[in-house]
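Working notes for the structure below.
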Amino acid sequence: MTSVREATFDLLRAHGMTTIFGNPGSTELPMLADFPDDFTYVLGLQELVVMGMADGFAQASGRPTHVNLHTAPGVGNAVGGIFNAQANKSPLVITAGQQVRPQITIEANLTNRDATVGPQPYVKWSHEPPRAQDVPGAIARAIHHASLPPRGPAFVSIPMDDWNVEADADRSAAALARRVTGRTAPDEAALADLAERLAGALSPVLVAGPDIDAAGGWHAAVALAEKQRLPVWASPATGGSRLGFPERHPNFAGVLPPAIGAVSETLKAHDLVVVVGSSVFPYYPYIPGPLLGETTSLVALTSDPGEAARAPMGEAIVGDVGLALERLVALVPEATRDAPEPRPEPGEPPAADPPDKLSGSQAMAALAEAIPEGAIIVLESPSCTLSLRNRLRISTPGSYYFCASGGLGFGIAAAVGVQLAQPARPVVCVLGEGSAQYGITALWSALAYKAPVTFLILRNDEYMILKWFAMLEQVSGAPGLDLPGLDVAAVARGYGVPAKDVSGREELTEALRASIAAGDGPRVIQVPVASGMWLE
Ligand SMILES: Cc1ncc(C[n+]2csc(CCOP(=O)(O)OP(=O)(O)O)c2C)c(N)n1
């Protein structure tokens, strides 16, 4: 007899999903019994970091990834991470344990009441199979939901007495054999019209978003910008989970500001804005203004019908952004307009005043000096986000991950997942000491699974970005914005992770170089930085 558990592992194996991220409880043990040798279980010590590790792994591998959570309290802890994974368009297949079927109606201990409601509305599909024999088919369906555009998490709740039931051989075999693809080409006539409008525009501009990277459209985006001589802005950093365009390219103009008024102001000199692979736009904070300049029109190319529908202005063409870009490159003529002026190189970083600590910009300059070609950055440092983008000018695909929802607790965990998916590439995770706390337990997983991530902690003793928001929102006297005495290096040592405190710029550069070169396990480098928002 084949059990539901065996049929499910066969299904996961057939989809190459042999790495499971989880935190187990009594309701998951029947699934984990006789765990197959060809599978790897990556233990996270709290469900938010389980989600973050799987999110990083899914994005950096490009594959659907299985997360196994404990029943209601585990799912509850994970909800912030599910929200993040949805914003990051991460294809996660989340399963959670549930009471045995005979005890759900009487609500025995650990019953996940209304199990499918908990993760809503942050999953694409939420289900508890009506029969044990439906478990493999339900997981297959979750894999397809998670993988189809827009990618995102799907959820299946599984009663713990289902795993040893005899599988329905026919249904399991049929589910295992199915393949579903969703790479759809956009409407040819709409693309041809856009190509014509691009060629005829006086001053068109491209806005490159994260889905270009996820869709493998990076080279086509470069080809389009070069052929049409387009200046290229990155979509606002707030929603920029990945980079859609090389930031050292001469056509690259910078990162769009995230507020309504500032976006339209920045783009107002252009008569045509083509947004690719981004929502229009991940606005935050609210700074009112016109959505676009009076003479500007906008066309968005997106694989996400939701993004197309909810944009407040402009037109949208739905389809795979990689295919759309390749087709547009073929359709547009070589432009004769002047190529855009390249951005100046970043200058000397501004110092702090008084200069008793490094400024965030100086810390980012040290990182830019130390970072080798091909390294991957995972970023969760709100006051240094723009400085990092400006100084590192990352120019290879798949080299930058940031949480598009703004939910903290992604950074450390995602860096571990990214490193496990990309073992040959150095990973550096840049964190504010406040952000680091939400996912701090992932340091244990980094060590346990020998993920040689360099964690750079920028210690400014505060929630700097919230002080900046307080200024913007004209809020004074808010409590809870200072973090005195928070020593992440000491906490890291408690998890067994080697940690070093540094202070000067050269010392920081050297420590980063040494840690990246060592490559034998995670290391933490902590540097005090002065208070401030570091933009350059
Ligand atoms: C889960 C979650 N809780 C709270 C917040 C609100 N929040 C946004 S930024 C921030 C502070 C980050 O502090 P730190 O990492 O030290 O960076 P800094 O702003 O000092 O650069 C907080 C608490 C959030 N974004 N996500």
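Identifiers in this document derive from the order of the structure tokens: chains are assigned A, B, ..., residues are numbered from 1 separately in each chain, and ligands are numbered from 1 in order of occurrence.
Using only C-alpha atoms, the protein and nucleic acid residues lying no more than 12 Å from Gly62 in chain A, apart from those fewer than 4 places from it along its own chain, are Gly16, Met17, Ala54, Asp55, Gly56, Phe57, Ala58, Lys89, Ser90, Pro91, Leu92, Ala146, Ser147, Arg151, Gly152, Asp211, Asp213, Ala214, Ala215, Gly216, Gly398, Gly417, Val418, Ala421 and Gln422 of chain A.
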Preceding selection exported with all heavy atoms as a compact mmCIF listing (two decimals), in the first residue's frame:
```
# COMPACT_ATOMS: atom_id res chain seq x y z
N GLY A 16 10.79 18.67 -7.75
CA GLY A 16 12.11 19.14 -7.29
C GLY A 16 12.05 19.88 -5.97
O GLY A 16 12.96 20.64 -5.63
N MET A 17 10.98 19.63 -5.20
CA MET A 17 10.81 20.37 -3.94
C MET A 17 11.30 19.52 -2.77
O MET A 17 10.53 19.11 -1.91
CB MET A 17 9.34 20.75 -3.76
CG MET A 17 8.85 21.70 -4.85
SD MET A 17 7.05 21.93 -4.83
CE MET A 17 6.81 22.72 -3.25
N ALA A 54 12.33 30.45 3.54
CA ALA A 54 11.72 29.84 2.35
C ALA A 54 11.52 30.89 1.25
O ALA A 54 11.71 30.61 0.06
CB ALA A 54 10.39 29.21 2.73
N ASP A 55 11.16 32.11 1.66
CA ASP A 55 10.97 33.20 0.70
C ASP A 55 12.27 33.47 -0.06
O ASP A 55 12.31 33.52 -1.31
CB ASP A 55 10.49 34.44 1.49
CG ASP A 55 10.01 35.58 0.62
OD1 ASP A 55 10.40 35.64 -0.55
OD2 ASP A 55 9.26 36.43 1.13
N GLY A 56 13.37 33.62 0.69
CA GLY A 56 14.67 33.85 0.05
C GLY A 56 15.05 32.69 -0.86
O GLY A 56 15.53 32.89 -1.98
N PHE A 57 14.82 31.47 -0.38
CA PHE A 57 15.18 30.27 -1.15
C PHE A 57 14.36 30.21 -2.45
O PHE A 57 14.90 29.95 -3.53
CB PHE A 57 14.92 29.02 -0.30
CG PHE A 57 15.41 27.74 -0.91
CD1 PHE A 57 16.72 27.32 -0.73
CD2 PHE A 57 14.57 26.95 -1.68
CE1 PHE A 57 17.18 26.12 -1.29
CE2 PHE A 57 15.01 25.75 -2.24
CZ PHE A 57 16.32 25.34 -2.05
N ALA A 58 13.05 30.48 -2.33
CA ALA A 58 12.18 30.40 -3.51
C ALA A 58 12.57 31.45 -4.54
O ALA A 58 12.64 31.16 -5.75
CB ALA A 58 10.72 30.60 -3.09
N LYS A 89 6.08 38.19 -4.24
CA LYS A 89 5.70 37.24 -5.29
C LYS A 89 6.54 35.97 -5.22
O LYS A 89 7.09 35.49 -6.21
CB LYS A 89 5.78 37.90 -6.66
CG LYS A 89 4.81 39.06 -6.76
CD LYS A 89 4.71 39.62 -8.14
CE LYS A 89 3.61 40.68 -8.19
NZ LYS A 89 3.74 41.60 -9.29
N SER A 90 6.61 35.45 -4.03
CA SER A 90 7.42 34.27 -3.77
C SER A 90 6.53 33.02 -3.84
O SER A 90 5.53 32.94 -3.12
CB SER A 90 7.99 34.42 -2.36
OG SER A 90 9.30 34.03 -2.31
N PRO A 91 6.89 32.05 -4.66
CA PRO A 91 6.02 30.87 -4.84
C PRO A 91 6.17 29.87 -3.69
O PRO A 91 6.92 28.91 -3.79
CB PRO A 91 6.51 30.28 -6.17
CG PRO A 91 7.95 30.69 -6.26
CD PRO A 91 8.07 32.01 -5.55
N LEU A 92 5.43 30.07 -2.61
CA LEU A 92 5.55 29.22 -1.44
C LEU A 92 4.33 28.32 -1.30
O LEU A 92 3.19 28.77 -1.41
CB LEU A 92 5.71 30.07 -0.17
CG LEU A 92 6.95 30.97 -0.14
CD1 LEU A 92 7.07 31.65 1.22
CD2 LEU A 92 8.21 30.17 -0.45
N ALA A 146 0.76 28.55 -6.54
CA ALA A 146 1.92 29.33 -6.11
C ALA A 146 2.80 29.73 -7.30
O ALA A 146 3.38 30.82 -7.32
CB ALA A 146 2.74 28.54 -5.09
N SER A 147 2.86 28.84 -8.30
CA SER A 147 3.82 29.05 -9.40
C SER A 147 3.27 29.89 -10.55
O SER A 147 4.03 30.43 -11.34
CB SER A 147 4.24 27.69 -9.97
OG SER A 147 4.70 26.84 -8.95
N ARG A 151 3.12 35.01 -8.95
CA ARG A 151 3.52 33.98 -7.99
C ARG A 151 3.21 34.45 -6.57
O ARG A 151 3.15 35.65 -6.31
CB ARG A 151 5.00 33.71 -8.16
CG ARG A 151 5.30 33.05 -9.49
CD ARG A 151 6.78 32.81 -9.68
NE ARG A 151 7.00 31.55 -10.36
CZ ARG A 151 8.10 30.82 -10.26
NH1 ARG A 151 9.11 31.25 -9.52
NH2 ARG A 151 8.21 29.68 -10.90
N GLY A 152 3.03 33.49 -5.69
CA GLY A 152 2.73 33.87 -4.31
C GLY A 152 2.40 32.65 -3.48
O GLY A 152 2.31 31.54 -4.00
N ASP A 211 9.89 42.46 -11.17
CA ASP A 211 9.50 41.25 -11.90
C ASP A 211 10.34 41.01 -13.15
O ASP A 211 10.33 39.91 -13.72
CB ASP A 211 8.02 41.29 -12.27
CG ASP A 211 7.15 41.05 -11.04
OD1 ASP A 211 7.72 40.71 -9.99
OD2 ASP A 211 5.92 41.19 -11.13
N ASP A 213 13.55 40.92 -13.09
CA ASP A 213 14.55 39.97 -12.61
C ASP A 213 13.93 38.58 -12.46
O ASP A 213 14.49 37.57 -12.92
CB ASP A 213 15.11 40.45 -11.26
CG ASP A 213 16.43 39.78 -10.89
OD1 ASP A 213 17.16 39.36 -11.81
OD2 ASP A 213 16.73 39.68 -9.69
N ALA A 214 12.75 38.54 -11.83
CA ALA A 214 12.11 37.25 -11.59
C ALA A 214 11.78 36.55 -12.91
O ALA A 214 11.80 35.33 -12.99
CB ALA A 214 10.85 37.44 -10.75
N ALA A 215 11.49 37.33 -13.96
CA ALA A 215 11.08 36.75 -15.25
C ALA A 215 12.27 36.48 -16.16
O ALA A 215 12.09 36.05 -17.30
CB ALA A 215 10.10 37.68 -15.94
N GLY A 216 13.48 36.78 -15.70
CA GLY A 216 14.66 36.58 -16.55
C GLY A 216 14.70 37.58 -17.70
O GLY A 216 15.23 37.30 -18.77
N GLY A 398 19.68 38.80 -10.21
CA GLY A 398 19.60 37.91 -9.05
C GLY A 398 20.57 38.27 -7.94
O GLY A 398 21.07 37.39 -7.25
N GLY A 417 18.12 31.67 3.33
CA GLY A 417 17.48 30.95 2.22
C GLY A 417 18.16 31.21 0.89
O GLY A 417 18.37 30.29 0.09
N VAL A 418 18.52 32.48 0.66
CA VAL A 418 19.21 32.83 -0.60
C VAL A 418 20.55 32.07 -0.67
O VAL A 418 20.90 31.48 -1.70
CB VAL A 418 19.45 34.35 -0.68
CG1 VAL A 418 20.43 34.70 -1.81
CG2 VAL A 418 18.13 35.10 -0.88
N ALA A 421 20.15 28.50 -1.54
CA ALA A 421 19.79 28.31 -2.96
C ALA A 421 20.96 28.63 -3.88
O ALA A 421 21.02 28.14 -5.01
CB ALA A 421 18.60 29.20 -3.31
N GLN A 422 21.86 29.49 -3.43
CA GLN A 422 22.99 29.93 -4.26
C GLN A 422 24.30 29.72 -3.50
O GLN A 422 25.00 30.68 -3.14
CB GLN A 422 22.84 31.43 -4.60
CG GLN A 422 21.64 31.77 -5.44
CD GLN A 422 21.82 31.40 -6.90
OE1 GLN A 422 22.94 31.14 -7.36
NE2 GLN A 422 20.74 31.34 -7.65
```
Checklist entry - Quick one: residues within 9 Å of range 448-454 of chain A, only C-alpha atoms counted, chain neighbours fewer than 5 positions away excluded, as a PyMOL selection string? => result chain A and resi 42-43+415-417+419-420+423+426-430+443+512+515-516+518-525
Residues from the last selection, C-alpha atoms, saved as an mmCIF file, in the first residue's frame:
```cif
data_model
loop_
_atom_site.group_PDB
_atom_site.id
_atom_site.type_symbol
_atom_site.label_atom_id
_atom_site.label_comp_id
_atom_site.auth_asym_id
_atom_site.auth_seq_id
_atom_site.Cartn_x
_atom_site.Cartn_y
_atom_site.Cartn_z
ATOM 1 C CA VAL A 42 15.721 23.255 7.296
ATOM 2 C CA LEU A 43 14.704 24.073 10.846
ATOM 3 C CA ALA A 415 19.713 35.742 3.477
ATOM 4 C CA VAL A 416 19.982 32.185 4.830
ATOM 5 C CA GLY A 417 17.476 30.951 2.225
ATOM 6 C CA GLN A 419 22.582 31.384 0.451
ATOM 7 C CA LEU A 420 21.196 27.823 0.562
ATOM 8 C CA PRO A 423 25.822 28.198 -2.379
ATOM 9 C CA PRO A 426 28.820 35.220 -1.452
ATOM 10 C CA VAL A 427 25.790 36.681 0.357
ATOM 11 C CA VAL A 428 25.982 39.865 2.428
ATOM 12 C CA CYS A 429 22.987 40.858 4.532
ATOM 13 C CA VAL A 430 22.840 44.518 5.597
ATOM 14 C CA LEU A 443 21.202 33.234 12.989
ATOM 15 C CA LEU A 512 33.946 42.615 5.425
ATOM 16 C CA SER A 515 34.392 37.536 6.376
ATOM 17 C CA ILE A 516 33.367 37.219 2.714
ATOM 18 C CA ALA A 518 36.370 33.019 4.820
ATOM 19 C CA GLY A 519 33.165 31.517 3.439
ATOM 20 C CA ASP A 520 33.078 28.846 6.149
ATOM 21 C CA GLY A 521 29.920 29.848 8.003
ATOM 22 C CA PRO A 522 27.954 32.901 9.083
ATOM 23 C CA ARG A 523 29.699 35.890 10.629
ATOM 24 C CA VAL A 524 28.348 39.081 12.130
ATOM 25 C CA ILE A 525 30.092 42.439 11.809
#
```
Item to check | Which of range 325-487 of chain A DSSP labels alpha helix (DSSP H), written as a ChimeraX atom specification | outcome: /A:325-331,360-370,385-392,411-421,433-438,442-448,464-472
Checklist entry - Quick one: residues within 8 Å of ligand 1, with only C-alpha atoms and all ligand atoms, as number ranges by chain? => result A: 80, 380-384, 406-409, 431-436, 438, 458-467, 481, 483, 531, 533
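Here CA of Pro340 in chain A stands at a distance of 27.6 Å from CA of Ile377 in chain A.
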Item to check | Near-Ala7 in chain A list (7 Å; only C-alpha atoms; drop same-chain fewer than 3 positions) as a PyMOL selection string | outcome: chain A and resi 2-4+10-11+136+167+172
Item to check | Using only C-alpha atoms: which of A:Pro498, A:Pro528, A:Gly137, A:Gly254 has the shortest distance to Leu176 in chain A | outcome: A:Gly137
